[in-house]
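Pasting data-v1.cif here (mmCIF, N, CA and C atoms):
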data_final
loop_
_atom_site.label_atom_id
_atom_site.label_comp_id
_atom_site.auth_asym_id
_atom_site.auth_seq_id
_atom_site.Cartn_x
_atom_site.Cartn_y
_atom_site.Cartn_z
N MET E 3 -15.19 0.08 -8.37
CA MET E 3 -15.97 0.30 -7.17
C MET E 3 -15.02 0.57 -6.00
N LEU E 4 -15.35 1.56 -5.22
CA LEU E 4 -14.51 1.93 -4.09
C LEU E 4 -14.87 1.11 -2.87
N ASN E 5 -13.86 0.67 -2.14
CA ASN E 5 -14.08 -0.04 -0.88
C ASN E 5 -14.12 0.98 0.24
N ARG E 6 -14.92 0.73 1.27
CA ARG E 6 -15.03 1.67 2.37
C ARG E 6 -14.51 1.05 3.66
N TRP E 7 -13.56 1.73 4.28
CA TRP E 7 -12.99 1.33 5.57
C TRP E 7 -12.74 2.58 6.38
N ARG E 8 -12.68 2.47 7.67
CA ARG E 8 -12.37 3.61 8.53
C ARG E 8 -11.28 3.21 9.51
N ALA E 9 -10.31 4.09 9.69
CA ALA E 9 -9.26 3.90 10.70
C ALA E 9 -9.64 4.75 11.91
N SER E 10 -9.90 4.12 13.03
CA SER E 10 -10.29 4.85 14.24
C SER E 10 -9.06 5.33 14.98
N ALA E 11 -9.27 6.03 16.08
CA ALA E 11 -8.16 6.56 16.87
C ALA E 11 -7.25 5.45 17.37
N ALA E 12 -7.80 4.28 17.61
CA ALA E 12 -7.01 3.14 18.10
C ALA E 12 -6.33 2.39 16.95
N SER E 13 -6.38 2.98 15.75
CA SER E 13 -5.77 2.39 14.56
C SER E 13 -6.40 1.06 14.16
N GLU E 14 -7.65 0.89 14.49
CA GLU E 14 -8.40 -0.27 14.03
C GLU E 14 -9.01 0.08 12.67
N VAL E 15 -9.29 -0.89 11.87
CA VAL E 15 -9.88 -0.66 10.57
C VAL E 15 -11.36 -1.01 10.65
N THR E 16 -12.21 -0.07 10.27
CA THR E 16 -13.65 -0.30 10.27
C THR E 16 -14.23 0.23 8.97
N PRO E 17 -15.38 -0.27 8.54
CA PRO E 17 -15.97 0.19 7.29
C PRO E 17 -16.30 1.67 7.33
N ALA E 18 -15.89 2.46 6.33
CA ALA E 18 -16.24 3.85 6.11
C ALA E 18 -15.16 4.63 5.40
N MET E 19 -13.87 4.30 5.55
CA MET E 19 -12.83 4.99 4.80
C MET E 19 -12.92 4.50 3.36
N THR E 20 -12.85 5.40 2.41
CA THR E 20 -13.00 5.03 1.01
C THR E 20 -11.63 4.81 0.37
N PHE E 21 -11.45 3.62 -0.19
CA PHE E 21 -10.21 3.28 -0.88
C PHE E 21 -10.46 3.19 -2.39
N LEU E 22 -9.55 3.75 -3.14
CA LEU E 22 -9.55 3.59 -4.58
C LEU E 22 -8.97 2.21 -4.92
N ILE E 23 -7.91 1.83 -4.18
CA ILE E 23 -7.28 0.52 -4.32
C ILE E 23 -7.23 -0.11 -2.93
N HIS E 24 -7.62 -1.38 -2.82
CA HIS E 24 -7.53 -2.09 -1.54
C HIS E 24 -7.19 -3.54 -1.84
N GLU E 25 -6.18 -4.05 -1.17
CA GLU E 25 -5.73 -5.43 -1.41
C GLU E 25 -5.45 -6.12 -0.08
N THR E 26 -5.74 -7.41 -0.01
CA THR E 26 -5.45 -8.22 1.17
C THR E 26 -4.47 -9.33 0.77
N LEU E 27 -3.43 -9.50 1.58
CA LEU E 27 -2.43 -10.54 1.34
C LEU E 27 -2.31 -11.44 2.55
N MET E 28 -2.33 -12.73 2.31
CA MET E 28 -2.09 -13.72 3.36
C MET E 28 -0.63 -14.14 3.28
N THR E 29 -0.13 -14.71 4.36
CA THR E 29 1.22 -15.25 4.34
C THR E 29 1.14 -16.77 4.34
N LEU E 30 2.17 -17.41 3.80
CA LEU E 30 2.19 -18.87 3.72
C LEU E 30 2.75 -19.51 4.98
N ASN E 31 3.59 -18.78 5.72
CA ASN E 31 4.26 -19.40 6.87
C ASN E 31 3.86 -18.80 8.22
N THR E 32 2.87 -17.91 8.25
CA THR E 32 2.34 -17.38 9.52
C THR E 32 0.84 -17.16 9.36
N ASP E 33 0.20 -16.72 10.42
CA ASP E 33 -1.23 -16.39 10.36
C ASP E 33 -1.47 -14.91 10.11
N ASP E 34 -0.42 -14.15 9.79
CA ASP E 34 -0.56 -12.71 9.57
C ASP E 34 -1.38 -12.43 8.32
N VAL E 35 -2.16 -11.35 8.39
CA VAL E 35 -2.92 -10.86 7.25
C VAL E 35 -2.52 -9.41 7.03
N PHE E 36 -2.10 -9.09 5.83
CA PHE E 36 -1.68 -7.74 5.48
C PHE E 36 -2.69 -7.15 4.51
N GLU E 37 -2.99 -5.88 4.70
CA GLU E 37 -3.85 -5.15 3.78
C GLU E 37 -3.17 -3.84 3.46
N PHE E 38 -3.42 -3.34 2.28
CA PHE E 38 -2.94 -2.01 1.95
C PHE E 38 -3.96 -1.35 1.05
N GLY E 39 -4.01 -0.04 1.15
CA GLY E 39 -4.99 0.69 0.36
C GLY E 39 -4.54 2.08 0.02
N LEU E 40 -5.12 2.61 -1.04
CA LEU E 40 -4.92 3.99 -1.46
C LEU E 40 -6.26 4.67 -1.38
N THR E 41 -6.34 5.74 -0.59
CA THR E 41 -7.60 6.46 -0.47
C THR E 41 -7.92 7.17 -1.78
N GLU E 42 -9.11 7.72 -1.86
CA GLU E 42 -9.50 8.46 -3.05
C GLU E 42 -8.48 9.56 -3.34
N ILE E 43 -8.21 9.78 -4.60
CA ILE E 43 -7.30 10.85 -5.01
C ILE E 43 -8.11 12.13 -5.13
N LEU E 44 -7.69 13.13 -4.37
CA LEU E 44 -8.40 14.41 -4.34
C LEU E 44 -7.50 15.53 -4.83
N ARG E 45 -8.11 16.60 -5.29
CA ARG E 45 -7.33 17.78 -5.68
C ARG E 45 -6.70 18.40 -4.44
N SER E 46 -5.48 18.87 -4.60
CA SER E 46 -4.79 19.54 -3.50
C SER E 46 -5.49 20.86 -3.19
N PRO E 47 -5.70 21.17 -1.90
CA PRO E 47 -6.35 22.44 -1.57
C PRO E 47 -5.48 23.65 -1.94
N GLU E 48 -4.16 23.45 -2.01
CA GLU E 48 -3.26 24.56 -2.31
C GLU E 48 -3.17 24.87 -3.81
N GLN E 49 -3.14 23.82 -4.64
CA GLN E 49 -2.99 24.02 -6.08
C GLN E 49 -3.96 23.13 -6.83
N ASP E 50 -4.68 23.75 -7.76
CA ASP E 50 -5.75 23.07 -8.49
C ASP E 50 -5.26 21.95 -9.42
N ASP E 51 -4.03 22.04 -9.90
CA ASP E 51 -3.55 21.05 -10.86
C ASP E 51 -2.77 19.91 -10.22
N LEU E 52 -2.71 19.87 -8.88
CA LEU E 52 -2.02 18.80 -8.17
C LEU E 52 -3.00 17.98 -7.34
N PHE E 53 -2.61 16.75 -7.02
CA PHE E 53 -3.50 15.82 -6.34
C PHE E 53 -2.82 15.22 -5.12
N GLU E 54 -3.64 14.61 -4.25
CA GLU E 54 -3.10 13.96 -3.05
C GLU E 54 -4.00 12.80 -2.64
N ALA E 55 -3.41 11.88 -1.89
CA ALA E 55 -4.13 10.73 -1.34
C ALA E 55 -3.31 10.18 -0.19
N GLN E 56 -3.85 9.18 0.50
CA GLN E 56 -3.12 8.53 1.59
C GLN E 56 -2.92 7.06 1.25
N ALA E 57 -1.71 6.58 1.52
CA ALA E 57 -1.41 5.15 1.42
C ALA E 57 -1.51 4.59 2.83
N ILE E 58 -2.32 3.56 3.02
CA ILE E 58 -2.55 2.95 4.33
C ILE E 58 -2.02 1.52 4.29
N PHE E 59 -1.25 1.14 5.32
CA PHE E 59 -0.72 -0.22 5.44
C PHE E 59 -1.26 -0.81 6.73
N ILE E 60 -1.87 -1.99 6.63
CA ILE E 60 -2.58 -2.62 7.75
C ILE E 60 -2.01 -4.02 7.97
N ARG E 61 -1.73 -4.35 9.23
CA ARG E 61 -1.28 -5.70 9.57
C ARG E 61 -2.19 -6.23 10.66
N ASN E 62 -2.83 -7.35 10.41
CA ASN E 62 -3.74 -7.99 11.37
C ASN E 62 -4.78 -7.00 11.90
N ALA E 63 -5.44 -6.29 10.99
CA ALA E 63 -6.53 -5.35 11.27
C ALA E 63 -6.11 -4.11 12.05
N THR E 64 -4.80 -3.83 12.14
CA THR E 64 -4.31 -2.63 12.80
C THR E 64 -3.50 -1.81 11.80
N VAL E 65 -3.84 -0.54 11.68
CA VAL E 65 -3.08 0.34 10.79
C VAL E 65 -1.68 0.50 11.35
N THR E 66 -0.67 0.08 10.60
CA THR E 66 0.71 0.19 11.08
C THR E 66 1.43 1.38 10.48
N SER E 67 0.97 1.87 9.34
CA SER E 67 1.58 3.09 8.79
C SER E 67 0.65 3.75 7.79
N LYS E 68 0.79 5.07 7.73
CA LYS E 68 0.07 5.89 6.76
C LYS E 68 1.08 6.82 6.12
N LEU E 69 0.91 7.07 4.85
CA LEU E 69 1.79 8.00 4.14
C LEU E 69 0.92 8.90 3.29
N LYS E 70 1.04 10.20 3.50
CA LYS E 70 0.28 11.15 2.70
C LYS E 70 1.08 11.46 1.45
N LEU E 71 0.50 11.18 0.31
CA LEU E 71 1.12 11.43 -0.99
C LEU E 71 0.56 12.75 -1.51
N THR E 72 1.37 13.80 -1.52
CA THR E 72 0.86 15.14 -1.85
C THR E 72 1.63 15.78 -3.00
N HIS E 73 0.99 16.80 -3.57
CA HIS E 73 1.59 17.66 -4.59
C HIS E 73 2.10 16.86 -5.79
N LEU E 74 1.25 16.00 -6.30
CA LEU E 74 1.62 15.13 -7.41
C LEU E 74 0.52 15.11 -8.46
N SER E 75 0.86 14.66 -9.66
CA SER E 75 -0.17 14.38 -10.66
C SER E 75 -0.91 13.12 -10.21
N GLU E 76 -2.07 12.86 -10.80
CA GLU E 76 -2.82 11.65 -10.43
C GLU E 76 -1.99 10.39 -10.69
N PHE E 77 -1.31 10.35 -11.81
CA PHE E 77 -0.47 9.20 -12.14
C PHE E 77 0.65 9.04 -11.12
N SER E 78 1.28 10.14 -10.72
CA SER E 78 2.37 10.09 -9.74
C SER E 78 1.89 9.61 -8.37
N VAL E 79 0.65 9.95 -8.01
CA VAL E 79 0.09 9.47 -6.75
C VAL E 79 0.02 7.94 -6.77
N VAL E 80 -0.50 7.38 -7.85
CA VAL E 80 -0.62 5.92 -7.96
C VAL E 80 0.76 5.27 -8.02
N LEU E 81 1.68 5.85 -8.79
CA LEU E 81 3.03 5.31 -8.89
C LEU E 81 3.75 5.35 -7.54
N SER E 82 3.60 6.43 -6.80
CA SER E 82 4.21 6.54 -5.46
C SER E 82 3.62 5.51 -4.51
N PHE E 83 2.32 5.26 -4.61
CA PHE E 83 1.66 4.25 -3.79
C PHE E 83 2.24 2.87 -4.08
N ILE E 84 2.36 2.54 -5.36
CA ILE E 84 2.91 1.23 -5.74
C ILE E 84 4.33 1.07 -5.22
N THR E 85 5.14 2.10 -5.35
CA THR E 85 6.52 2.05 -4.87
C THR E 85 6.57 1.89 -3.36
N TYR E 86 5.75 2.65 -2.64
CA TYR E 86 5.71 2.60 -1.17
C TYR E 86 5.32 1.20 -0.70
N ILE E 87 4.24 0.66 -1.24
CA ILE E 87 3.76 -0.66 -0.82
C ILE E 87 4.75 -1.75 -1.24
N GLY E 88 5.29 -1.65 -2.44
CA GLY E 88 6.28 -2.63 -2.90
C GLY E 88 7.49 -2.69 -1.99
N ASN E 89 8.01 -1.53 -1.62
CA ASN E 89 9.16 -1.49 -0.71
C ASN E 89 8.80 -2.00 0.68
N LYS E 90 7.62 -1.63 1.18
CA LYS E 90 7.18 -2.05 2.51
C LYS E 90 7.05 -3.58 2.57
N LEU E 91 6.39 -4.17 1.58
CA LEU E 91 6.20 -5.63 1.57
C LEU E 91 7.52 -6.37 1.42
N ARG E 92 8.40 -5.87 0.56
CA ARG E 92 9.70 -6.50 0.39
C ARG E 92 10.52 -6.43 1.67
N GLY E 93 10.47 -5.30 2.36
CA GLY E 93 11.19 -5.14 3.62
C GLY E 93 10.70 -6.09 4.69
N ILE E 94 9.38 -6.21 4.81
CA ILE E 94 8.80 -7.13 5.80
C ILE E 94 9.17 -8.57 5.47
N ALA E 95 9.06 -8.93 4.20
CA ALA E 95 9.39 -10.31 3.79
C ALA E 95 10.85 -10.62 4.10
N LYS E 96 11.73 -9.67 3.85
CA LYS E 96 13.16 -9.89 4.08
C LYS E 96 13.50 -9.89 5.58
N ASP E 97 13.00 -8.89 6.32
CA ASP E 97 13.33 -8.75 7.74
C ASP E 97 12.71 -9.84 8.62
N GLU E 98 11.49 -10.24 8.29
CA GLU E 98 10.76 -11.19 9.15
C GLU E 98 10.65 -12.58 8.53
N LEU E 99 11.31 -12.78 7.39
CA LEU E 99 11.30 -14.07 6.69
C LEU E 99 9.88 -14.57 6.42
N LEU E 100 9.02 -13.66 6.00
CA LEU E 100 7.64 -14.02 5.67
C LEU E 100 7.54 -14.37 4.19
N GLU E 101 6.67 -15.32 3.89
CA GLU E 101 6.37 -15.67 2.51
C GLU E 101 4.93 -15.28 2.24
N PHE E 102 4.74 -14.37 1.30
CA PHE E 102 3.40 -13.93 0.95
C PHE E 102 2.79 -14.85 -0.10
N ASP E 103 1.48 -15.04 -0.01
CA ASP E 103 0.75 -15.81 -1.00
C ASP E 103 0.42 -14.88 -2.17
N LEU E 104 1.26 -14.91 -3.20
CA LEU E 104 1.09 -14.04 -4.36
C LEU E 104 0.51 -14.80 -5.55
N ASN E 105 -0.16 -15.92 -5.28
CA ASN E 105 -0.78 -16.74 -6.32
C ASN E 105 0.21 -17.13 -7.42
N GLY E 106 1.42 -17.52 -7.01
CA GLY E 106 2.42 -17.98 -7.95
C GLY E 106 3.23 -16.89 -8.64
N LEU E 107 2.96 -15.64 -8.33
CA LEU E 107 3.69 -14.54 -8.95
C LEU E 107 4.92 -14.19 -8.14
N THR E 108 5.90 -13.59 -8.79
CA THR E 108 7.04 -13.02 -8.06
C THR E 108 6.63 -11.65 -7.55
N PHE E 109 7.42 -11.08 -6.63
CA PHE E 109 7.12 -9.73 -6.16
C PHE E 109 7.06 -8.75 -7.32
N ASP E 110 8.00 -8.88 -8.28
CA ASP E 110 8.03 -7.92 -9.38
C ASP E 110 6.84 -8.08 -10.32
N GLN E 111 6.30 -9.27 -10.44
CA GLN E 111 5.09 -9.45 -11.23
C GLN E 111 3.88 -8.92 -10.48
N TYR E 112 3.87 -9.07 -9.16
CA TYR E 112 2.74 -8.64 -8.34
C TYR E 112 2.73 -7.12 -8.17
N ILE E 113 3.87 -6.55 -7.77
CA ILE E 113 4.01 -5.10 -7.61
C ILE E 113 5.31 -4.70 -8.31
N PRO E 114 5.20 -4.28 -9.57
CA PRO E 114 6.42 -3.94 -10.31
C PRO E 114 7.08 -2.68 -9.77
N LEU E 115 8.40 -2.71 -9.70
CA LEU E 115 9.19 -1.55 -9.30
C LEU E 115 10.20 -1.25 -10.39
N SER E 116 10.79 -0.08 -10.32
CA SER E 116 11.80 0.29 -11.31
C SER E 116 13.01 -0.65 -11.21
N LYS E 117 13.81 -0.66 -12.25
CA LYS E 117 15.00 -1.52 -12.28
C LYS E 117 15.93 -1.20 -11.12
N ASN E 118 16.12 0.09 -10.80
CA ASN E 118 17.01 0.48 -9.70
C ASN E 118 16.49 -0.03 -8.36
N LEU E 119 15.19 0.05 -8.11
CA LEU E 119 14.63 -0.45 -6.85
C LEU E 119 14.75 -1.97 -6.77
N ARG E 120 14.58 -2.66 -7.89
CA ARG E 120 14.73 -4.12 -7.89
C ARG E 120 16.17 -4.50 -7.55
N LYS E 121 17.15 -3.72 -8.03
CA LYS E 121 18.56 -3.98 -7.70
C LYS E 121 18.79 -3.85 -6.20
N ILE E 122 18.18 -2.84 -5.58
CA ILE E 122 18.33 -2.64 -4.14
C ILE E 122 17.84 -3.87 -3.38
N TRP E 123 16.73 -4.44 -3.81
CA TRP E 123 16.14 -5.60 -3.12
C TRP E 123 16.74 -6.91 -3.60
N GLY E 124 17.64 -6.86 -4.57
CA GLY E 124 18.32 -8.07 -5.02
C GLY E 124 17.44 -8.98 -5.84
N GLU E 125 16.51 -8.42 -6.57
CA GLU E 125 15.61 -9.24 -7.40
C GLU E 125 16.07 -9.24 -8.84
#

Write the structure described by the file as structure tokens, please.
Amino acid sequence: MLNRWRASAASEVTPAMTFLIHETLMTLNTDDVFEFGLTEILRSPEQDDLFEAQAIFIRNATVTSKLKLTHLSEFSVVLSFITYIGNKLRGIAKDELLEFDLNGLTFDQYIPLSKNLRKIWGE
């Protein structure tokens, strides 16, 4: 089932944007709430065999970043989304010393990354 949210001009999140994937994460040591989502995967207007979607990152109900994932296979769109969100969450946790509530999972169990990316983050 797709979740519906809308990002307005003020970067607020409101119901209406359609997400294929949507997740909410709480932190253990602050009151911050993080959300991330992948919009519906659509065919690229330029090429029929390629797909695109948007990765949305939300902190405390404000869209903090968007990344358009274009010219990829459907699988590559999802893989790029996972990599983008995994790197973003790891960076925030490291830079701001935040602890995410991952229900007892490690980052790599929650959002798996390639061996090379895990080496970069020291996991």

**OP:** Spell out the residues picked by the PyMOL selection byres ((chain E and resi 35) around 6) here, as a list in words.
**Re:**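 The output of the PyMOL selection byres ((chain E and resi 35) around 6) on this file is Leu27, Met28, Thr29, Asp33, Asp34, Phe36, Glu37, Ile60, Arg61, Asn62 and Ala63 of chain E.
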
Original post:
What is the distance between atom N of E:Leu81 and atom CA of E:Ala57, in Å to one decimal?
Top reply: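 We find that atom N of E:Leu81 and atom CA of E:Ala57 lie 10.7 Å from each other.
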
Subject >> Computed interatomic separation between atom CA of E:Met19 and atom CA of E:Phe83 (Å) >> reply: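 It comes out at 16.9 Å.
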
**OP:** Please run DSSP on the backbone and report, as a VMD selection string, all residues within stretch 43-86 of chain E that come out as strand (DSSP E).
**Re:** chain E and resid 44 to 45 53 to 61 64 to 74

Hey, can you spit out that residue selection with N, CA and C atoms as a PDB file, in the coordinates of the input?
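The result, stored in result34.pdb:
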ATOM      1  N   LEU E  44      -7.690  13.130  -4.370  1.00  0.00           N
ATOM      2  CA  LEU E  44      -8.400  14.410  -4.340  1.00  0.00           C
ATOM      3  C   LEU E  44      -7.500  15.530  -4.830  1.00  0.00           C
ATOM      4  N   ARG E  45      -8.110  16.600  -5.290  1.00  0.00           N
ATOM      5  CA  ARG E  45      -7.330  17.780  -5.680  1.00  0.00           C
ATOM      6  C   ARG E  45      -6.700  18.400  -4.440  1.00  0.00           C
ATOM      7  N   PHE E  53      -2.610  16.750  -7.020  1.00  0.00           N
ATOM      8  CA  PHE E  53      -3.500  15.820  -6.340  1.00  0.00           C
ATOM      9  C   PHE E  53      -2.820  15.220  -5.120  1.00  0.00           C
ATOM     10  N   GLU E  54      -3.640  14.610  -4.250  1.00  0.00           N
ATOM     11  CA  GLU E  54      -3.100  13.960  -3.050  1.00  0.00           C
ATOM     12  C   GLU E  54      -4.000  12.800  -2.640  1.00  0.00           C
ATOM     13  N   ALA E  55      -3.410  11.880  -1.890  1.00  0.00           N
ATOM     14  CA  ALA E  55      -4.130  10.730  -1.340  1.00  0.00           C
ATOM     15  C   ALA E  55      -3.310  10.180  -0.190  1.00  0.00           C
ATOM     16  N   GLN E  56      -3.850   9.180   0.500  1.00  0.00           N
ATOM     17  CA  GLN E  56      -3.120   8.530   1.590  1.00  0.00           C
ATOM     18  C   GLN E  56      -2.920   7.060   1.250  1.00  0.00           C
ATOM     19  N   ALA E  57      -1.710   6.580   1.520  1.00  0.00           N
ATOM     20  CA  ALA E  57      -1.410   5.150   1.420  1.00  0.00           C
ATOM     21  C   ALA E  57      -1.510   4.590   2.830  1.00  0.00           C
ATOM     22  N   ILE E  58      -2.320   3.560   3.020  1.00  0.00           N
ATOM     23  CA  ILE E  58      -2.550   2.950   4.330  1.00  0.00           C
ATOM     24  C   ILE E  58      -2.020   1.520   4.290  1.00  0.00           C
ATOM     25  N   PHE E  59      -1.250   1.140   5.320  1.00  0.00           N
ATOM     26  CA  PHE E  59      -0.720  -0.220   5.440  1.00  0.00           C
ATOM     27  C   PHE E  59      -1.260  -0.810   6.730  1.00  0.00           C
ATOM     28  N   ILE E  60      -1.870  -1.990   6.630  1.00  0.00           N
ATOM     29  CA  ILE E  60      -2.580  -2.620   7.750  1.00  0.00           C
ATOM     30  C   ILE E  60      -2.010  -4.020   7.970  1.00  0.00           C
ATOM     31  N   ARG E  61      -1.730  -4.350   9.230  1.00  0.00           N
ATOM     32  CA  ARG E  61      -1.280  -5.700   9.570  1.00  0.00           C
ATOM     33  C   ARG E  61      -2.190  -6.230  10.660  1.00  0.00           C
ATOM     34  N   THR E  64      -4.800  -3.830  12.140  1.00  0.00           N
ATOM     35  CA  THR E  64      -4.310  -2.630  12.800  1.00  0.00           C
ATOM     36  C   THR E  64      -3.500  -1.810  11.800  1.00  0.00           C
ATOM     37  N   VAL E  65      -3.840  -0.540  11.680  1.00  0.00           N
ATOM     38  CA  VAL E  65      -3.080   0.340  10.790  1.00  0.00           C
ATOM     39  C   VAL E  65      -1.680   0.500  11.350  1.00  0.00           C
ATOM     40  N   THR E  66      -0.670   0.080  10.600  1.00  0.00           N
ATOM     41  CA  THR E  66       0.710   0.190  11.080  1.00  0.00           C
ATOM     42  C   THR E  66       1.430   1.380  10.480  1.00  0.00           C
ATOM     43  N   SER E  67       0.970   1.870   9.340  1.00  0.00           N
ATOM     44  CA  SER E  67       1.580   3.090   8.790  1.00  0.00           C
ATOM     45  C   SER E  67       0.650   3.750   7.790  1.00  0.00           C
ATOM     46  N   LYS E  68       0.790   5.070   7.730  1.00  0.00           N
ATOM     47  CA  LYS E  68       0.070   5.890   6.760  1.00  0.00           C
ATOM     48  C   LYS E  68       1.080   6.820   6.120  1.00  0.00           C
ATOM     49  N   LEU E  69       0.910   7.070   4.850  1.00  0.00           N
ATOM     50  CA  LEU E  69       1.790   8.000   4.140  1.00  0.00           C
ATOM     51  C   LEU E  69       0.920   8.900   3.290  1.00  0.00           C
ATOM     52  N   LYS E  70       1.040  10.200   3.500  1.00  0.00           N
ATOM     53  CA  LYS E  70       0.280  11.150   2.700  1.00  0.00           C
ATOM     54  C   LYS E  70       1.080  11.460   1.450  1.00  0.00           C
ATOM     55  N   LEU E  71       0.500  11.180   0.310  1.00  0.00           N
ATOM     56  CA  LEU E  71       1.120  11.430  -0.990  1.00  0.00           C
ATOM     57  C   LEU E  71       0.560  12.750  -1.510  1.00  0.00           C
ATOM     58  N   THR E  72       1.370  13.800  -1.520  1.00  0.00           N
ATOM     59  CA  THR E  72       0.860  15.140  -1.850  1.00  0.00           C
ATOM     60  C   THR E  72       1.630  15.780  -3.000  1.00  0.00           C
ATOM     61  N   HIS E  73       0.990  16.800  -3.570  1.00  0.00           N
ATOM     62  CA  HIS E  73       1.590  17.660  -4.590  1.00  0.00           C
ATOM     63  C   HIS E  73       2.100  16.860  -5.790  1.00  0.00           C
ATOM     64  N   LEU E  74       1.250  16.000  -6.300  1.00  0.00           N
ATOM     65  CA  LEU E  74       1.620  15.130  -7.410  1.00  0.00           C
ATOM     66  C   LEU E  74       0.520  15.110  -8.460  1.00  0.00           C
TER      67      LEU E  74
END

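Atom CA of E:Arg92 is positioned 9.9 Å from atom CA of E:Ile113.
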
Original post:
Evaluating the PyMOL selection byres (((chain E and resi 59 and name CA) around 10) and name CA) on the displayed file yields which residues, as a ChimeraX atom specification?
Top reply: /E:24-25,36-40,56-58,60-61,63-69,86-87,90-91

Matched chain/residue IDs from the PyMOL selection byres ((chain E and resi 73) around 8), as a PDB file with N, CA and C atoms, keeping the file's coordinate frame:
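Final output, saved to expr-v4.pdb:
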ATOM      1  N   ARG E  45      -8.110  16.600  -5.290  1.00  0.00           N
ATOM      2  CA  ARG E  45      -7.330  17.780  -5.680  1.00  0.00           C
ATOM      3  C   ARG E  45      -6.700  18.400  -4.440  1.00  0.00           C
ATOM      4  N   SER E  46      -5.480  18.870  -4.600  1.00  0.00           N
ATOM      5  CA  SER E  46      -4.790  19.540  -3.500  1.00  0.00           C
ATOM      6  C   SER E  46      -5.490  20.860  -3.190  1.00  0.00           C
ATOM      7  N   GLN E  49      -3.140  23.820  -4.640  1.00  0.00           N
ATOM      8  CA  GLN E  49      -2.990  24.020  -6.080  1.00  0.00           C
ATOM      9  C   GLN E  49      -3.960  23.130  -6.830  1.00  0.00           C
ATOM     10  N   ASP E  51      -4.030  22.040  -9.900  1.00  0.00           N
ATOM     11  CA  ASP E  51      -3.550  21.050 -10.860  1.00  0.00           C
ATOM     12  C   ASP E  51      -2.770  19.910 -10.220  1.00  0.00           C
ATOM     13  N   LEU E  52      -2.710  19.870  -8.880  1.00  0.00           N
ATOM     14  CA  LEU E  52      -2.020  18.800  -8.170  1.00  0.00           C
ATOM     15  C   LEU E  52      -3.000  17.980  -7.340  1.00  0.00           C
ATOM     16  N   PHE E  53      -2.610  16.750  -7.020  1.00  0.00           N
ATOM     17  CA  PHE E  53      -3.500  15.820  -6.340  1.00  0.00           C
ATOM     18  C   PHE E  53      -2.820  15.220  -5.120  1.00  0.00           C
ATOM     19  N   GLU E  54      -3.640  14.610  -4.250  1.00  0.00           N
ATOM     20  CA  GLU E  54      -3.100  13.960  -3.050  1.00  0.00           C
ATOM     21  C   GLU E  54      -4.000  12.800  -2.640  1.00  0.00           C
ATOM     22  N   ALA E  55      -3.410  11.880  -1.890  1.00  0.00           N
ATOM     23  CA  ALA E  55      -4.130  10.730  -1.340  1.00  0.00           C
ATOM     24  C   ALA E  55      -3.310  10.180  -0.190  1.00  0.00           C
ATOM     25  N   LYS E  70       1.040  10.200   3.500  1.00  0.00           N
ATOM     26  CA  LYS E  70       0.280  11.150   2.700  1.00  0.00           C
ATOM     27  C   LYS E  70       1.080  11.460   1.450  1.00  0.00           C
ATOM     28  N   LEU E  71       0.500  11.180   0.310  1.00  0.00           N
ATOM     29  CA  LEU E  71       1.120  11.430  -0.990  1.00  0.00           C
ATOM     30  C   LEU E  71       0.560  12.750  -1.510  1.00  0.00           C
ATOM     31  N   THR E  72       1.370  13.800  -1.520  1.00  0.00           N
ATOM     32  CA  THR E  72       0.860  15.140  -1.850  1.00  0.00           C
ATOM     33  C   THR E  72       1.630  15.780  -3.000  1.00  0.00           C
ATOM     34  N   LEU E  74       1.250  16.000  -6.300  1.00  0.00           N
ATOM     35  CA  LEU E  74       1.620  15.130  -7.410  1.00  0.00           C
ATOM     36  C   LEU E  74       0.520  15.110  -8.460  1.00  0.00           C
ATOM     37  N   SER E  75       0.860  14.660  -9.660  1.00  0.00           N
ATOM     38  CA  SER E  75      -0.170  14.380 -10.660  1.00  0.00           C
ATOM     39  C   SER E  75      -0.910  13.120 -10.210  1.00  0.00           C
ATOM     40  N   GLU E  76      -2.070  12.860 -10.800  1.00  0.00           N
ATOM     41  CA  GLU E  76      -2.820  11.650 -10.430  1.00  0.00           C
ATOM     42  C   GLU E  76      -1.990  10.390 -10.690  1.00  0.00           C
ATOM     43  N   SER E  78       1.280  10.140 -10.720  1.00  0.00           N
ATOM     44  CA  SER E  78       2.370  10.090  -9.740  1.00  0.00           C
ATOM     45  C   SER E  78       1.890   9.610  -8.370  1.00  0.00           C
ATOM     46  N   VAL E  79       0.650   9.950  -8.010  1.00  0.00           N
ATOM     47  CA  VAL E  79       0.090   9.470  -6.750  1.00  0.00           C
ATOM     48  C   VAL E  79       0.020   7.940  -6.770  1.00  0.00           C
TER      49      VAL E  79
END

Give me the box for stretch 80-90 of chain E as JSON, namely the centre and edge lengths in Å to one decimal of a box along x, y and z that holds every listed atom plus 6 Å on each side.
{"center_x": 4.3, "center_y": 1.9, "center_z": -3.2, "size_x": 21.8, "size_y": 23.0, "size_z": 23.5}
